[in-house]
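Following: one structure in structure tokens, then a few remarks.
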Protein chains: 2
Amino acid sequence: MSEHSPLLPVPHATDVHAADAHPLVRRGRPALVDPATLVACALDLFVEKGYAATRLEDVALAAGVSKGTLYLYFDSKAALFAAVVRQGLVPALAGGEALLDSHRGSGADLMRELLWGWWRLIGATRLGGLPKLMVAEARNFPDIAELYHREVMARGCALIRRAIDYGHARGEFRVAGDPCTVQAVMAPLLLRVLMKHSFGCVDHAAPADDPSAAAQAESTDIAASIEFVIRALEHD
Amino acid sequence: MSEHSPLLPVPHATDVHAADAHPLVRRGRPALVDPATLVACALDLFVEKGYAATRLEDVALAAGVSKGTLYLYFDSKAALFAAVVRQGLVPALAGGEALLDSHRGSGADLMRELLWGWWRLIGATRLGGLPKLMVAEARNFPDIAELYHREVMARGCALIRRAIDYGHARGEFRVAGDPCTVQAVMAPLLLRVLMKHSFGCVDHAAPADDPSAAAQAESTDIAASIEFVIRALEHD
DNA sequence: TTATTAACTGAACATTCAGTCATTAAAAGC
DNA sequence: GCTTTTAATGACTGAATGTTCAGTTAATAA
């Protein structure tokens, strides 16, 4: 047995593909598949069907490879799941942190930008399926849940907390960024994305026939949710 | 094959146990197990491990019976799942509807009572695991998701909407009960209960060693969340 | 051309588990 | 006691699927 954690990709994959700056000329057959593609396909299927109901053969099929090829890049199904979470979260939070550092306007505007940015970069993309996936599987994969909690939730909460503190320091917000307020601020958007990826097909509120109208209605709802929480933050 | 829906309990169970007022004297061996116990055990395990990761043998073991006995009461695992949802939701909403009809005070007080009641009757009990379960499995069980959406979510939303309208009609609330506001009002509590049943063991915010202190902190957080949304509803 | 290396394949294997059923147990009627 | 009826059991089965690996393909190096 290898001495690596079973939730990490096998080393050769990391060496050959992730660190592409290999100085030597490669030998042998060139790779046909990018492991990032496998992870992206796995994310889609995990989000759509759940972890257990997703067959590795379907992931492979979606990526245009065979089932065996998956095992060249990931030790196990759980390792693939871990990669899905890791790959999803790494690029997702940097933007928000940069935004917060550069902002100079009002607290309400900062909060609007943060929440809209979260929706654009995560809520409205395929990454929006990750929260549902983690809620569903956190108890079955404590290691991955801990990673997600530490690297995504904690960092996201810290971001919101700093934004609330910013508005509080300027005298615009009634409260400072305690954990409970932070959760209440994120709650409407988080719940929205959770519902979208679970009851989305059941909920008949949106006109399913016209995707552009649905997107329009969604934007309106997001805006309303954001204004709702800002109203709760601001002074009377 | 029976002509009943596969998601309904087998008829004999309903006849013999649910309708206990059978006039005839029963013959044969008396039942040792109450199907409600099976459903309760299934709820616990489904919530803890997820639908797929829960083995029927474990459900049976938790209820003190054998796997075969489960099939005397439920046609399949999916039927057991449906019973879990159905049994959970039936008694859960009546209280809220009665409360709303009898209330005469301010809109904010009504909202406090409603949300606290929801927390006491659902959020803080084993039923609080149902939302997580449904979020996780809605796509895999469209029938059950539709049932849950129609009988739980829609009715719960209607309740909140009427409470907002009540406060709005009295001139206390800024807005009427549009669907988006309703969701924003429920969001903090719903998200809290979702997190409790997924990341609950990972989140180190609460002191896990002292359950009474944890319950105390939880009550404080619920109260803060409720006041947060009421503040967003009320006039400036 | 031939050897070597790496990527890839898919049939076979091993395991897990929902669902079945022949059997046993416990009650009531005769 | 004997029969009938219902409850309960747990070993068994079959299908699904995660995992493995001997073999194949496609590239470079000699």
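Each chain in the structure tokens gets a letter, A, B and so on, in the order shown; residues start at 1 in every chain, and ligands are counted from 1 in the order they appear.
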Each residue of segment 3-30 of chain D lying at most 8 Å from segment 5-25 of chain C should get a row with its shortest atom-to-atom pair and the distance in Å to one decimal, counting only C-alpha atoms (C1' of nucleotides); could you produce that, ordered by chain and increasing number, as JSON lines?
{"residue": "D:DA8", "atom": "C1'", "partner": "C:DA25", "partner_atom": "C1'", "distance": 7.6}
{"residue": "D:DT9", "atom": "C1'", "partner": "C:DT24", "partner_atom": "C1'", "distance": 7.6}
{"residue": "D:DT13", "atom": "C1'", "partner": "C:DT20", "partner_atom": "C1'", "distance": 7.9}
{"residue": "D:DT20", "atom": "C1'", "partner": "C:DC13", "partner_atom": "C1'", "distance": 7.6}
{"residue": "D:DT24", "atom": "C1'", "partner": "C:DT9", "partner_atom": "C1'", "distance": 7.4}
{"residue": "D:DT25", "atom": "C1'", "partner": "C:DC8", "partner_atom": "C1'", "distance": 7.6}
Practice problem: From the DSSP assignment of the backbone, select every residue of segment 75-219 of chain B that is alpha helix (DSSP H), and format the answer as a ChimeraX atom specification. | Solution: /B:77-89,94-102,107-118,129-137,142-148,154-169,179-196,211-219
Overlay target chain B, mobile chain A, all C-alpha paired in order, as a short mmCIF file (atom, residue, chain, number, x, y, z; two decimals) with C-alpha atoms, in the first residue's frame:
data_model
loop_
_atom_site.label_atom_id
_atom_site.label_comp_id
_atom_site.auth_asym_id
_atom_site.auth_seq_id
_atom_site.Cartn_x
_atom_site.Cartn_y
_atom_site.Cartn_z
CA MET A 1 -47.36 -7.42 -8.86
CA SER A 2 -49.61 -5.47 -6.54
CA GLU A 3 -51.60 -2.60 -7.93
CA HIS A 4 -50.51 -0.29 -5.15
CA SER A 5 -47.85 2.34 -5.60
CA PRO A 6 -44.48 0.92 -4.62
CA LEU A 7 -44.00 3.92 -2.36
CA LEU A 8 -46.99 3.15 -0.18
CA PRO A 9 -46.90 0.75 2.75
CA VAL A 10 -48.35 -2.65 2.00
CA PRO A 11 -52.06 -2.65 2.73
CA HIS A 12 -52.10 -5.20 5.50
CA ALA A 13 -49.84 -3.03 7.59
CA THR A 14 -52.11 -0.05 7.20
CA ASP A 15 -55.18 -2.10 7.98
CA VAL A 16 -53.87 -3.95 10.97
CA HIS A 17 -51.71 -1.38 12.67
CA ALA A 18 -52.57 2.13 11.54
CA ALA A 19 -56.31 1.57 11.79
CA ASP A 20 -56.26 -0.11 15.17
CA ALA A 21 -60.03 -0.03 15.55
CA HIS A 22 -60.41 -3.46 13.98
CA PRO A 23 -63.65 -4.93 15.35
CA LEU A 24 -62.73 -8.63 15.01
CA VAL A 25 -60.65 -10.45 17.57
CA ARG A 26 -57.20 -10.94 16.17
CA ARG A 27 -55.79 -14.38 15.44
CA GLY A 28 -52.27 -15.56 15.13
CA ARG A 29 -49.11 -14.24 16.68
CA PRO A 30 -49.39 -10.65 17.94
CA ALA A 31 -47.12 -8.11 16.36
CA LEU A 32 -43.94 -7.40 18.28
CA VAL A 33 -43.05 -4.29 16.36
CA ASP A 34 -44.85 -1.05 15.65
CA PRO A 35 -44.21 0.12 12.10
CA ALA A 36 -43.86 3.63 13.50
CA THR A 37 -40.80 2.36 15.35
CA LEU A 38 -39.32 1.10 12.11
CA VAL A 39 -39.94 4.47 10.49
CA ALA A 40 -38.41 6.32 13.43
CA CYS A 41 -35.29 4.16 13.34
CA ALA A 42 -35.06 4.58 9.59
CA LEU A 43 -35.32 8.36 9.94
CA ASP A 44 -32.44 8.41 12.39
CA LEU A 45 -30.22 6.29 10.19
CA PHE A 46 -31.17 7.95 6.91
CA VAL A 47 -30.44 11.32 8.46
CA GLU A 48 -27.17 10.20 9.97
CA LYS A 49 -25.69 8.24 7.07
CA GLY A 50 -27.76 9.22 4.06
CA TYR A 51 -30.17 7.04 2.12
CA ALA A 52 -27.73 4.91 0.18
CA ALA A 53 -25.32 4.31 3.06
CA THR A 54 -28.09 3.09 5.34
CA ARG A 55 -28.43 -0.68 5.26
CA LEU A 56 -31.87 -2.12 5.86
CA GLU A 57 -30.23 -4.62 8.17
CA ASP A 58 -29.12 -1.74 10.38
CA VAL A 59 -32.62 -0.30 10.42
CA ALA A 60 -33.98 -3.68 11.42
CA LEU A 61 -31.30 -4.10 14.05
CA ALA A 62 -32.04 -0.69 15.54
CA ALA A 63 -35.70 -1.62 15.77
CA GLY A 64 -34.93 -5.02 17.26
CA VAL A 65 -36.29 -7.09 14.39
CA SER A 66 -34.86 -8.96 11.46
CA LYS A 67 -34.36 -7.70 7.96
CA GLY A 68 -37.20 -9.82 6.64
CA THR A 69 -39.67 -8.20 8.99
CA LEU A 70 -39.12 -4.86 7.31
CA TYR A 71 -40.60 -6.35 4.17
CA LEU A 72 -43.79 -7.24 6.01
CA TYR A 73 -44.41 -3.53 6.44
CA PHE A 74 -42.71 -1.91 3.46
CA ASP A 75 -42.42 -3.12 -0.09
CA SER A 76 -38.94 -1.74 -0.58
CA LYS A 77 -36.30 0.57 0.75
CA ALA A 78 -37.81 3.41 -1.27
CA ALA A 79 -41.22 2.73 0.30
CA LEU A 80 -39.62 2.96 3.73
CA PHE A 81 -38.10 6.26 2.74
CA ALA A 82 -41.47 7.53 1.59
CA ALA A 83 -42.99 6.49 4.90
CA VAL A 84 -40.26 8.35 6.76
CA VAL A 85 -41.11 11.54 4.91
CA ARG A 86 -44.85 11.04 5.19
CA GLN A 87 -44.83 10.23 8.87
CA GLY A 88 -42.51 13.13 9.59
CA LEU A 89 -44.51 15.78 7.87
CA VAL A 90 -48.06 14.92 8.77
CA PRO A 91 -48.05 15.97 12.43
CA ALA A 92 -45.53 18.76 11.98
CA LEU A 93 -47.53 21.54 10.39
CA ALA A 94 -50.87 21.46 12.15
CA GLY A 95 -49.56 23.31 15.17
CA GLY A 96 -48.28 26.24 13.17
CA GLU A 97 -51.52 26.65 11.28
CA ALA A 98 -53.52 26.66 14.52
CA LEU A 99 -51.14 29.19 16.04
CA LEU A 100 -51.52 31.57 13.15
CA ASP A 101 -55.31 31.45 13.25
CA SER A 102 -55.47 32.30 16.94
CA HIS A 103 -52.86 35.03 17.06
CA ARG A 104 -53.92 38.59 17.87
CA GLY A 105 -50.70 40.47 18.79
CA SER A 106 -48.13 42.25 16.69
CA GLY A 107 -46.71 40.88 13.48
CA ALA A 108 -43.26 40.66 14.99
CA ASP A 109 -44.57 38.62 17.91
CA LEU A 110 -46.47 36.32 15.57
CA MET A 111 -43.33 35.79 13.51
CA ARG A 112 -41.31 35.08 16.65
CA GLU A 113 -43.83 32.50 17.81
CA LEU A 114 -44.00 30.86 14.38
CA LEU A 115 -40.26 30.59 13.93
CA TRP A 116 -39.62 29.51 17.51
CA GLY A 117 -42.40 26.97 17.17
CA TRP A 118 -40.83 25.63 14.00
CA TRP A 119 -37.51 25.34 15.76
CA ARG A 120 -38.98 23.59 18.80
CA LEU A 121 -41.15 21.15 16.86
CA ILE A 122 -38.88 20.44 13.91
CA GLY A 123 -35.48 22.10 13.97
CA ALA A 124 -34.53 20.88 17.42
CA THR A 125 -36.01 17.38 17.07
CA ARG A 126 -35.16 14.36 15.01
CA LEU A 127 -37.44 15.76 12.32
CA GLY A 128 -34.81 18.41 11.74
CA GLY A 129 -32.90 15.82 9.77
CA LEU A 130 -35.59 15.61 7.11
CA PRO A 131 -34.62 18.77 5.21
CA LYS A 132 -31.07 17.53 4.79
CA LEU A 133 -32.31 14.15 3.69
CA MET A 134 -34.64 15.67 1.14
CA VAL A 135 -32.03 18.06 -0.20
CA ALA A 136 -29.71 15.13 -0.67
CA GLU A 137 -32.18 12.75 -2.28
CA ALA A 138 -34.79 14.90 -4.00
CA ARG A 139 -33.41 14.23 -7.45
CA ASN A 140 -33.26 10.48 -6.91
CA PHE A 141 -36.85 10.27 -5.65
CA PRO A 142 -38.94 12.70 -7.66
CA ASP A 143 -42.20 11.33 -6.29
CA ILE A 144 -41.15 11.81 -2.70
CA ALA A 145 -39.65 15.19 -3.49
CA GLU A 146 -42.92 16.27 -5.01
CA LEU A 147 -44.79 15.07 -1.93
CA TYR A 148 -42.42 16.93 0.36
CA HIS A 149 -42.56 20.04 -1.75
CA ARG A 150 -46.32 20.07 -1.87
CA GLU A 151 -47.15 18.97 1.65
CA VAL A 152 -44.31 20.53 3.64
CA MET A 153 -42.54 23.32 1.82
CA ALA A 154 -45.60 24.83 0.18
CA ARG A 155 -47.62 24.71 3.39
CA GLY A 156 -44.75 26.09 5.44
CA CYS A 157 -44.22 28.92 2.98
CA ALA A 158 -47.92 29.72 3.00
CA LEU A 159 -47.77 29.96 6.77
CA ILE A 160 -44.89 32.41 6.70
CA ARG A 161 -46.49 34.38 3.92
CA ARG A 162 -49.68 34.81 5.91
CA ALA A 163 -47.71 35.96 8.92
CA ILE A 164 -45.88 38.56 6.83
CA ASP A 165 -49.14 39.70 5.29
CA TYR A 166 -50.60 39.97 8.78
CA GLY A 167 -47.82 42.31 9.88
CA HIS A 168 -48.03 44.19 6.59
CA ALA A 169 -51.76 44.73 6.97
CA ARG A 170 -51.16 46.16 10.46
CA GLY A 171 -48.63 48.57 9.00
CA GLU A 172 -45.75 47.02 10.92
CA PHE A 173 -43.98 45.22 8.10
CA ARG A 174 -42.49 47.01 5.15
CA VAL A 175 -43.31 44.33 2.59
CA ALA A 176 -46.02 41.87 1.76
CA GLY A 177 -45.29 38.14 1.70
CA ASP A 178 -43.84 37.54 -1.74
CA PRO A 179 -42.14 34.13 -2.24
CA CYS A 180 -38.66 35.58 -2.16
CA THR A 181 -39.18 37.33 1.16
CA VAL A 182 -40.71 34.17 2.59
CA GLN A 183 -37.62 32.21 1.66
CA ALA A 184 -35.34 34.86 3.09
CA VAL A 185 -37.25 34.70 6.37
CA MET A 186 -36.97 30.95 6.67
CA ALA A 187 -33.41 30.78 5.34
CA PRO A 188 -31.36 31.32 8.52
CA LEU A 189 -33.21 28.66 10.52
CA LEU A 190 -33.34 26.21 7.63
CA LEU A 191 -29.68 26.64 6.91
CA ARG A 192 -28.90 26.21 10.58
CA VAL A 193 -30.71 22.87 10.73
CA LEU A 194 -29.11 21.72 7.49
CA MET A 195 -25.65 22.49 8.85
CA LYS A 196 -26.45 20.88 12.17
CA HIS A 197 -27.16 17.59 10.44
CA SER A 198 -24.25 17.71 8.02
CA PHE A 199 -21.28 19.68 9.26
CA GLY A 200 -22.49 19.46 12.84
CA CYS A 201 -19.69 17.19 13.87
CA VAL A 202 -17.08 19.20 11.98
CA ASP A 203 -18.08 22.66 13.14
CA HIS A 204 -16.04 23.48 16.20
CA ALA A 205 -17.93 26.64 17.10
CA ALA A 206 -19.93 24.85 19.77
CA PRO A 207 -18.37 23.24 22.84
CA ALA A 208 -19.00 19.58 22.14
CA ASP A 209 -18.15 18.52 25.66
CA ASP A 210 -20.96 20.37 27.43
CA PRO A 211 -24.34 19.63 25.84
CA SER A 212 -26.23 22.08 28.04
CA ALA A 213 -23.89 24.91 27.10
CA ALA A 214 -24.26 23.94 23.45
CA ALA A 215 -28.03 24.04 23.73
CA GLN A 216 -27.77 27.43 25.40
CA ALA A 217 -25.58 28.77 22.61
CA GLU A 218 -27.95 27.33 20.05
CA SER A 219 -30.94 29.07 21.60
CA THR A 220 -29.08 32.35 21.59
CA ASP A 221 -28.24 31.90 17.91
CA ILE A 222 -31.80 31.02 16.97
CA ALA A 223 -33.05 34.08 18.80
CA ALA A 224 -30.53 36.26 17.02
CA SER A 225 -31.47 34.81 13.62
CA ILE A 226 -35.14 35.45 14.28
CA GLU A 227 -34.53 39.02 15.35
CA PHE A 228 -32.37 39.50 12.26
CA VAL A 229 -35.15 38.64 9.84
CA ILE A 230 -37.74 40.58 11.81
CA ARG A 231 -35.50 43.62 11.58
CA ALA A 232 -35.42 43.19 7.81
CA LEU A 233 -39.21 43.02 7.70
CA GLU A 234 -40.01 45.98 9.90
CA HIS A 235 -40.21 49.58 8.79
CA ASP A 236 -37.23 51.83 9.17
#
